[in-house]
file structure32.pdb (PDB, C-alpha atoms)
ATOM      1  CA  MET A   1       1.926 109.902  75.985
ATOM      2  CA  THR A   2       1.207 112.107  72.996
ATOM      3  CA  GLN A   3       3.360 114.952  71.776
ATOM      4  CA  ASN A   4       0.735 117.400  73.084
ATOM      5  CA  ASP A   5       0.838 115.757  76.532
ATOM      6  CA  ASN A   6       4.645 116.028  76.585
ATOM      7  CA  PHE A   7       4.437 119.707  75.663
ATOM      8  CA  GLU A   8       1.855 120.427  78.381
ATOM      9  CA  LYS A   9       3.993 118.587  80.962
ATOM     10  CA  LEU A  10       7.061 120.591  79.895
ATOM     11  CA  VAL A  11       5.113 123.865  80.173
ATOM     12  CA  GLU A  12       3.899 122.885  83.673
ATOM     13  CA  GLU A  13       7.465 122.031  84.761
ATOM     14  CA  LEU A  14       8.832 125.316  83.402
ATOM     15  CA  GLU A  15       6.032 127.308  85.047
ATOM     16  CA  GLU A  16       6.717 125.585  88.378
ATOM     17  CA  LYS A  17      10.466 126.292  88.061
ATOM     18  CA  ARG A  18       9.798 129.946  87.140
ATOM     19  CA  ASN A  19       7.522 130.390  90.139
ATOM     20  CA  LYS A  20      10.041 128.744  92.445
ATOM     21  CA  ASP A  21      13.120 130.589  91.145
ATOM     22  CA  CYS A  22      11.607 134.017  90.585
ATOM     23  CA  ASN A  23      13.301 136.305  93.092
ATOM     24  CA  ILE A  24      13.367 140.053  92.504
ATOM     25  CA  PHE A  25      16.633 140.348  94.470
ATOM     26  CA  LYS A  26      18.294 137.722  92.234
ATOM     27  CA  ILE A  27      16.952 139.384  89.105
ATOM     28  CA  LEU A  28      18.485 142.702  90.214
ATOM     29  CA  ARG A  29      21.678 140.866  91.276
ATOM     30  CA  VAL A  30      21.458 142.173  94.823
ATOM     31  CA  ASP A  31      20.381 138.921  96.475
ATOM     32  CA  ASN A  32      23.502 138.779  98.656
ATOM     33  CA  TYR A  33      23.315 142.376  99.897
ATOM     34  CA  GLU A  34      21.610 142.386 103.277
ATOM     35  CA  ILE A  35      21.429 146.196 103.182
ATOM     36  CA  ARG A  36      19.015 145.949 100.210
ATOM     37  CA  HIS A  37      16.909 143.448 102.133
ATOM     38  CA  SER A  38      16.873 145.712 105.178
ATOM     39  CA  ASN A  39      15.755 148.650 103.036
ATOM     40  CA  PHE A  40      12.955 146.561 101.548
ATOM     41  CA  LEU A  41      11.847 145.455 105.006
ATOM     42  CA  THR A  42      11.830 149.010 106.354
ATOM     43  CA  TRP A  43       9.533 149.926 103.454
ATOM     44  CA  LEU A  44       7.214 147.038 104.384
ATOM     45  CA  PHE A  45       7.258 148.072 108.064
ATOM     46  CA  ASP A  46       6.342 151.691 107.229
ATOM     47  CA  LYS A  47       2.580 152.110 107.650
ATOM     48  CA  ASN A  48       2.614 155.180 105.374
ATOM     49  CA  ALA A  49       4.500 153.551 102.480
ATOM     50  CA  SER A  50       3.065 153.023  99.014
ATOM     51  CA  HIS A  51       2.297 149.338  99.646
ATOM     52  CA  ASN A  52      -1.080 150.296 101.174
ATOM     53  CA  ILE A  53      -1.042 147.613 103.874
ATOM     54  CA  GLY A  54      -0.558 149.933 106.837
ATOM     55  CA  THR A  55       0.862 148.118 109.846
ATOM     56  CA  GLU A  56      -0.300 144.648 108.776
ATOM     57  CA  PHE A  57       3.124 143.430 107.639
ATOM     58  CA  LEU A  58       4.778 144.729 110.809
ATOM     59  CA  LYS A  59       2.146 143.031 112.986
ATOM     60  CA  LYS A  60       2.576 139.709 111.179
ATOM     61  CA  PHE A  61       6.381 139.957 111.332
ATOM     62  CA  LEU A  62       6.305 140.614 115.071
ATOM     63  CA  ASP A  63       3.872 137.702 115.490
ATOM     64  CA  LYS A  64       6.411 135.434 113.752
ATOM     65  CA  ALA A  65       9.043 136.771 116.182
ATOM     66  CA  LYS A  66       6.704 135.933 119.098
ATOM     67  CA  ILE A  67       6.471 139.607 120.040
ATOM     68  CA  GLU A  68       3.047 140.661 121.214
ATOM     69  CA  LEU A  69       2.432 144.379 121.194
ATOM     70  CA  PRO A  70      -0.932 145.830 122.173
ATOM     71  CA  LEU A  71      -2.857 147.256 119.216
ATOM     72  CA  GLU A  72      -2.486 150.789 120.533
ATOM     73  CA  PHE A  73       1.279 150.572 119.844
ATOM     74  CA  PHE A  74       0.509 150.396 116.114
ATOM     75  CA  ASN A  75      -1.727 153.458 116.219
ATOM     76  CA  LYS A  76       1.124 155.598 117.505
ATOM     77  CA  ASN A  77       4.154 156.806 115.627
ATOM     78  CA  ILE A  78       6.803 154.130 115.080
ATOM     79  CA  GLU A  79      10.176 155.344 113.876
ATOM     80  CA  ILE A  80      11.811 152.934 111.453
ATOM     81  CA  GLU A  81      15.514 153.222 110.680
ATOM     82  CA  SER A  82      17.946 151.052 108.784
ATOM     83  CA  GLU A  83      21.724 150.900 108.994
ATOM     84  CA  VAL A  84      21.924 152.687 112.341
ATOM     85  CA  LYS A  85      25.552 153.312 113.251
ATOM     86  CA  ILE A  86      26.376 152.942 116.916
ATOM     87  CA  GLU A  87      29.524 153.225 118.997
ATOM     88  CA  ILE A  88      30.434 150.128 120.966
ATOM     89  CA  ILE A  89      32.935 150.369 123.805
ATOM     90  CA  LYS A  90      34.394 147.061 124.859
ATOM     91  CA  ASN A  91      37.550 146.471 126.887
ATOM     92  CA  HIS A  92      38.279 150.212 126.711
ATOM     93  CA  LYS A  93      38.278 150.068 122.888
ATOM     94  CA  LYS A  94      35.769 151.804 120.648
ATOM     95  CA  ARG A  95      34.402 150.365 117.466
ATOM     96  CA  VAL A  96      31.504 151.187 115.206
ATOM     97  CA  GLY A  97      28.603 148.784 114.906
ATOM     98  CA  ARG A  98      25.597 148.887 112.628
ATOM     99  CA  ILE A  99      22.110 147.877 113.670
ATOM    100  CA  ASP A 100      20.378 146.655 110.531
ATOM    101  CA  ILE A 101      16.842 147.738 111.454
ATOM    102  CA  LEU A 102      15.724 149.715 114.494
ATOM    103  CA  LEU A 103      12.065 150.255 115.371
ATOM    104  CA  THR A 104      11.262 152.701 118.156
ATOM    105  CA  GLY A 105       7.909 153.615 119.571
ATOM    106  CA  GLU A 106       6.665 155.541 122.557
ATOM    107  CA  ASP A 107       7.327 152.691 124.978
ATOM    108  CA  PHE A 108       9.251 150.073 122.994
ATOM    109  CA  VAL A 109      12.347 149.488 120.901
ATOM    110  CA  CYS A 110      13.047 146.563 118.583
ATOM    111  CA  VAL A 111      16.362 145.586 116.967
ATOM    112  CA  ILE A 112      16.334 143.361 113.887
ATOM    113  CA  GLU A 113      19.682 141.819 113.082
ATOM    114  CA  ASN A 114      19.423 140.812 109.420
ATOM    115  CA  LYS A 115      21.940 138.224 108.307
ATOM    116  CA  TYR A 116      20.696 136.873 104.938
ATOM    117  CA  GLY A 117      23.130 133.961 104.854
ATOM    118  CA  SER A 118      26.076 135.622 106.600
ATOM    119  CA  PHE A 119      27.133 134.988 110.156
ATOM    120  CA  GLU A 120      26.868 136.706 113.507
ATOM    121  CA  HIS A 121      30.378 137.872 114.332
ATOM    122  CA  ASP A 122      32.298 139.617 117.092
ATOM    123  CA  ASN A 123      29.427 138.958 119.510
ATOM    124  CA  GLN A 124      27.522 141.737 117.740
ATOM    125  CA  CYS A 125      24.073 140.575 118.892
ATOM    126  CA  GLN A 126      25.010 140.929 122.543
ATOM    127  CA  ASP A 127      26.835 144.214 121.862
ATOM    128  CA  TYR A 128      23.701 145.619 120.216
ATOM    129  CA  LYS A 129      21.564 144.342 123.060
ATOM    130  CA  ARG A 130      23.782 146.048 125.668
ATOM    131  CA  PHE A 131      23.780 149.264 123.644
ATOM    132  CA  ILE A 132      19.960 149.283 123.394
ATOM    133  CA  GLU A 133      19.468 148.420 127.053
ATOM    134  CA  ASP A 134      21.748 151.314 128.006
ATOM    135  CA  LYS A 135      20.543 153.932 125.503
ATOM    136  CA  TYR A 136      16.837 153.137 125.846
ATOM    137  CA  LYS A 137      16.625 152.552 129.599
ATOM    138  CA  SER A 138      13.334 154.437 129.743
ATOM    139  CA  LYS A 139      11.636 152.144 127.204
ATOM    140  CA  LYS A 140       9.533 149.551 128.988
ATOM    141  CA  HIS A 141       9.690 146.978 126.176
ATOM    142  CA  LYS A 142      12.892 145.952 124.397
ATOM    143  CA  TYR A 143      12.824 143.297 121.695
ATOM    144  CA  PHE A 144      15.535 141.641 119.650
ATOM    145  CA  VAL A 145      15.055 139.647 116.446
ATOM    146  CA  PHE A 146      17.590 137.599 114.514
ATOM    147  CA  LEU A 147      16.550 137.290 110.864
ATOM    148  CA  ASP A 148      18.223 134.846 108.492
ATOM    149  CA  LEU A 149      17.532 132.305 105.765
ATOM    150  CA  SER A 150      17.614 129.523 108.339
ATOM    151  CA  LYS A 151      18.158 129.246 112.063
ATOM    152  CA  PRO A 152      21.874 129.070 112.874
ATOM    153  CA  SER A 153      23.019 125.832 114.427
ATOM    154  CA  GLY A 154      23.177 126.205 118.169
ATOM    155  CA  PHE A 155      20.710 129.101 118.184
ATOM    156  CA  ASP A 156      19.495 129.456 121.761
ATOM    157  CA  SER A 157      17.486 132.499 122.756
ATOM    158  CA  THR A 158      18.051 131.796 126.462
ATOM    159  CA  GLU A 159      21.856 131.902 126.578
ATOM    160  CA  GLY A 160      25.002 132.619 124.643
ATOM    161  CA  ARG A 161      25.452 134.874 121.653
ATOM    162  CA  TYR A 162      21.735 134.869 120.737
ATOM    163  CA  SER A 163      20.442 135.327 124.275
ATOM    164  CA  GLY A 164      17.310 137.474 124.262
ATOM    165  CA  TYR A 165      16.837 137.226 120.484
ATOM    166  CA  ASN A 166      13.853 135.631 118.793
ATOM    167  CA  PHE A 167      14.364 134.013 115.409
ATOM    168  CA  VAL A 168      12.495 134.803 112.181
ATOM    169  CA  SER A 169      13.362 133.238 108.821
ATOM    170  CA  TYR A 170      13.017 134.649 105.349
ATOM    171  CA  ASN A 171      10.539 131.828 104.723
ATOM    172  CA  ASP A 172       8.372 133.420 107.421
ATOM    173  CA  ILE A 173       8.535 136.703 105.491
ATOM    174  CA  LEU A 174       7.668 134.898 102.283
ATOM    175  CA  ASP A 175       4.641 133.311 103.977
ATOM    176  CA  ILE A 176       3.421 136.749 105.059
ATOM    177  CA  LEU A 177       3.936 138.247 101.601
ATOM    178  CA  LYS A 178       2.188 135.362  99.843
ATOM    179  CA  LYS A 179      -0.968 136.144 101.788
ATOM    180  CA  TYR A 180      -0.867 139.726 100.509
ATOM    181  CA  TRP A 181      -0.176 138.649  96.947
ATOM    182  CA  LYS A 182      -3.206 136.395  97.080
ATOM    183  CA  ARG A 183      -5.229 139.389  98.241
ATOM    184  CA  LYS A 184      -3.506 141.466  95.497
ATOM    185  CA  ILE A 185      -2.537 144.218  97.911
ATOM    186  CA  VAL A 186       1.224 144.190  97.334
TER     187      VAL A 186
END
call {"tool": "encode", "arguments": {"input": "structure32.pdb", "output": "structure tokens"}}
result
Amino acid sequence: MTQNDNFEKLVEELEEKRNKDCNIFKILRVDNYEIRHSNFLTWLFDKNASHNIGTEFLKKFLDKAKIELPLEFFNKNIEIESEVKIEIIKNHKKRVGRIDILLTGEDFVCVIENKYGSFEHDNQCQDYKRFIEDKYKSKKHKYFVFLDLSKPSGFDSTEGRYSGYNFVSYNDILDILKKYWKRKIV
């Protein structure tokens, strides 16, 4: 191997490492703040945001969550909120909870519990589900998504603490975004 070949191999290895390790959240030192991730996601979900992709990201995200909404849902107004404070009453005690992302439309509501490496605690998923089912009784469609870096061990959408929740990983989000980068939209 010549010196030139060694240099080219080193450049290829560094380029591969840069591509693999380049993370805007790490660069800004906010990679462990799920609130920042939620804010970024709400921007991506907003069809009127400056990303110019309309509802495409939201559609693809919901597809990954195995949520099928008719196309007409996306033509109507969808309210997108992050860090929604709610009051949870349990065993005659009140406490404040925080839904990371809440999407509401004319006939649906969707909760996204964003964990980015932290853990579900205090049965919050089921508390949020009960709150939504009570507050939004009139909504025909209610969806619940658990978003994390990887699926928690014991995740079961049919029973227990994650009952009724569909799982989406941050790798799923990355897959969606890569398609847009290739198209040079985002």
call {"tool": "residues_around", "arguments": {"input": "structure32.pdb", "residues": "A:Arg161", "least_positions_apart": "6", "cutoff": "9 Å", "atoms": "only C-alpha atoms", "output": "list in words"}}
result
Glu120, Asn123, Gln124, Cys125, Gln126 and Phe155 of chain A
call {"tool": "resolve_selection", "arguments": {"input": "structure32.pdb", "expression": "the PyMOL selection byres ((chain A and resi 146) around 9)", "output": "list in words"}}
result
Ala65, Val111, Ile112, Glu113, Asn114, Lys115, Cys125, Phe144, Val145, Leu147, Asp148, Lys151, Tyr162, Tyr165, Asn166, Phe167, Val168 and Ser169 of chain A
call {"tool": "write_last_selection", "arguments": {"input": "structure32.pdb", "atoms": "C-alpha atoms", "output": "JSON list (two decimals), in the coordinates of the input"}}
result
[["chain", "number", "residue", "atom", "x", "y", "z"],
["A", 65, "ALA", "CA", 9.04, 136.77, 116.18],
["A", 111, "VAL", "CA", 16.36, 145.59, 116.97],
["A", 112, "ILE", "CA", 16.33, 143.36, 113.89],
["A", 113, "GLU", "CA", 19.68, 141.82, 113.08],
["A", 114, "ASN", "CA", 19.42, 140.81, 109.42],
["A", 115, "LYS", "CA", 21.94, 138.22, 108.31],
["A", 125, "CYS", "CA", 24.07, 140.57, 118.89],
["A", 144, "PHE", "CA", 15.54, 141.64, 119.65],
["A", 145, "VAL", "CA", 15.06, 139.65, 116.45],
["A", 147, "LEU", "CA", 16.55, 137.29, 110.86],
["A", 148, "ASP", "CA", 18.22, 134.85, 108.49],
["A", 151, "LYS", "CA", 18.16, 129.25, 112.06],
["A", 162, "TYR", "CA", 21.74, 134.87, 120.74],
["A", 165, "TYR", "CA", 16.84, 137.23, 120.48],
["A", 166, "ASN", "CA", 13.85, 135.63, 118.79],
["A", 167, "PHE", "CA", 14.36, 134.01, 115.41],
["A", 168, "VAL", "CA", 12.50, 134.80, 112.18],
["A", 169, "SER", "CA", 13.36, 133.24, 108.82]]
call {"tool": "closest_atom_pairs", "arguments": {"input": "structure32.pdb", "of": "stretch 119-149 of chain A", "to": "stretch 82-100 of chain A", "cutoff": "10 Å", "atoms": "all atoms listed in the file", "output": "tab-separated table"}}
result
residue	atom	partner	partner_atom	distance
A:Gln124	CA	A:Gly97	CA	7.7
A:Cys125	CA	A:Ile99	CA	9.2
A:Asp127	CA	A:Ile88	CA	7.0
A:Tyr128	CA	A:Ile99	CA	7.1
A:Arg130	CA	A:Ile88	CA	9.1
A:Phe131	CA	A:Ile88	CA	7.2
A:Ile132	CA	A:Ile86	CA	9.8
call {"tool": "residues_around", "arguments": {"input": "structure32.pdb", "residues": "A:Lys140", "least_positions_apart": "4", "cutoff": "12 Å", "atoms": "all atoms listed in the file", "output": "list of chain:residue names"}}
result
A:Leu69, A:Thr104, A:Gly105, A:Glu106, A:Asp107, A:Phe108, A:Val109, A:Cys110, A:Ile132, A:Glu133, A:Tyr136
call {"tool": "resolve_selection", "arguments": {"input": "structure32.pdb", "expression": "the PyMOL selection byres ((chain A and resi 51-62) around 12)", "output": "mmCIF file with C-alpha atoms, in the frame of the given file"}}
result
data_model
loop_
_atom_site.group_PDB
_atom_site.id
_atom_site.type_symbol
_atom_site.label_atom_id
_atom_site.label_comp_id
_atom_site.auth_asym_id
_atom_site.auth_seq_id
_atom_site.Cartn_x
_atom_site.Cartn_y
_atom_site.Cartn_z
ATOM 1 C CA PHE A 40 12.955 146.561 101.548
ATOM 2 C CA LEU A 41 11.847 145.455 105.006
ATOM 3 C CA THR A 42 11.830 149.010 106.354
ATOM 4 C CA TRP A 43 9.533 149.926 103.454
ATOM 5 C CA LEU A 44 7.214 147.038 104.384
ATOM 6 C CA PHE A 45 7.258 148.072 108.064
ATOM 7 C CA ASP A 46 6.342 151.691 107.229
ATOM 8 C CA LYS A 47 2.580 152.110 107.650
ATOM 9 C CA ASN A 48 2.614 155.180 105.374
ATOM 10 C CA ALA A 49 4.500 153.551 102.480
ATOM 11 C CA SER A 50 3.065 153.023 99.014
ATOM 12 C CA ASP A 63 3.872 137.702 115.490
ATOM 13 C CA LYS A 64 6.411 135.434 113.752
ATOM 14 C CA ALA A 65 9.043 136.771 116.182
ATOM 15 C CA LYS A 66 6.704 135.933 119.098
ATOM 16 C CA ILE A 67 6.471 139.607 120.040
ATOM 17 C CA GLU A 68 3.047 140.661 121.214
ATOM 18 C CA LEU A 69 2.432 144.379 121.194
ATOM 19 C CA PRO A 70 -0.932 145.830 122.173
ATOM 20 C CA LEU A 71 -2.857 147.256 119.216
ATOM 21 C CA GLU A 72 -2.486 150.789 120.533
ATOM 22 C CA PHE A 73 1.279 150.572 119.844
ATOM 23 C CA PHE A 74 0.509 150.396 116.114
ATOM 24 C CA ASN A 75 -1.727 153.458 116.219
ATOM 25 C CA LYS A 76 1.124 155.598 117.505
ATOM 26 C CA ASN A 77 4.154 156.806 115.627
ATOM 27 C CA ILE A 78 6.803 154.130 115.080
ATOM 28 C CA ILE A 80 11.811 152.934 111.453
ATOM 29 C CA LEU A 103 12.065 150.255 115.371
ATOM 30 C CA CYS A 110 13.047 146.563 118.583
ATOM 31 C CA VAL A 111 16.362 145.586 116.967
ATOM 32 C CA ILE A 112 16.334 143.361 113.887
ATOM 33 C CA TYR A 143 12.824 143.297 121.695
ATOM 34 C CA PHE A 144 15.535 141.641 119.650
ATOM 35 C CA VAL A 145 15.055 139.647 116.446
ATOM 36 C CA PHE A 146 17.590 137.599 114.514
ATOM 37 C CA LEU A 147 16.550 137.290 110.864
ATOM 38 C CA ASN A 166 13.853 135.631 118.793
ATOM 39 C CA PHE A 167 14.364 134.013 115.409
ATOM 40 C CA VAL A 168 12.495 134.803 112.181
ATOM 41 C CA SER A 169 13.362 133.238 108.821
ATOM 42 C CA TYR A 170 13.017 134.649 105.349
ATOM 43 C CA ASN A 171 10.539 131.828 104.723
ATOM 44 C CA ASP A 172 8.372 133.420 107.421
ATOM 45 C CA ILE A 173 8.535 136.703 105.491
ATOM 46 C CA LEU A 174 7.668 134.898 102.283
ATOM 47 C CA ASP A 175 4.641 133.311 103.977
ATOM 48 C CA ILE A 176 3.421 136.749 105.059
ATOM 49 C CA LEU A 177 3.936 138.247 101.601
ATOM 50 C CA LYS A 178 2.188 135.362 99.843
ATOM 51 C CA LYS A 179 -0.968 136.144 101.788
ATOM 52 C CA TYR A 180 -0.867 139.726 100.509
ATOM 53 C CA TRP A 181 -0.176 138.649 96.947
ATOM 54 C CA ARG A 183 -5.229 139.389 98.241
ATOM 55 C CA LYS A 184 -3.506 141.466 95.497
ATOM 56 C CA ILE A 185 -2.537 144.218 97.911
ATOM 57 C CA VAL A 186 1.224 144.190 97.334
#
call {"tool": "atom_distance", "arguments": {"input": "structure32.pdb", "atom1": "atom CA of A:Ser163", "atom2": "atom CA of A:Ser38"}}
result
22.0 Å
call {"tool": "atom_distance", "arguments": {"input": "structure32.pdb", "atom1": "atom CA of A:Glu81", "atom2": "atom CA of A:Lys137"}}
result
19.0 Å
call {"tool": "atom_distance", "arguments": {"input": "structure32.pdb", "atom1": "atom CA of A:Asn39", "atom2": "atom CA of A:Glu159"}}
result
29.5 Å
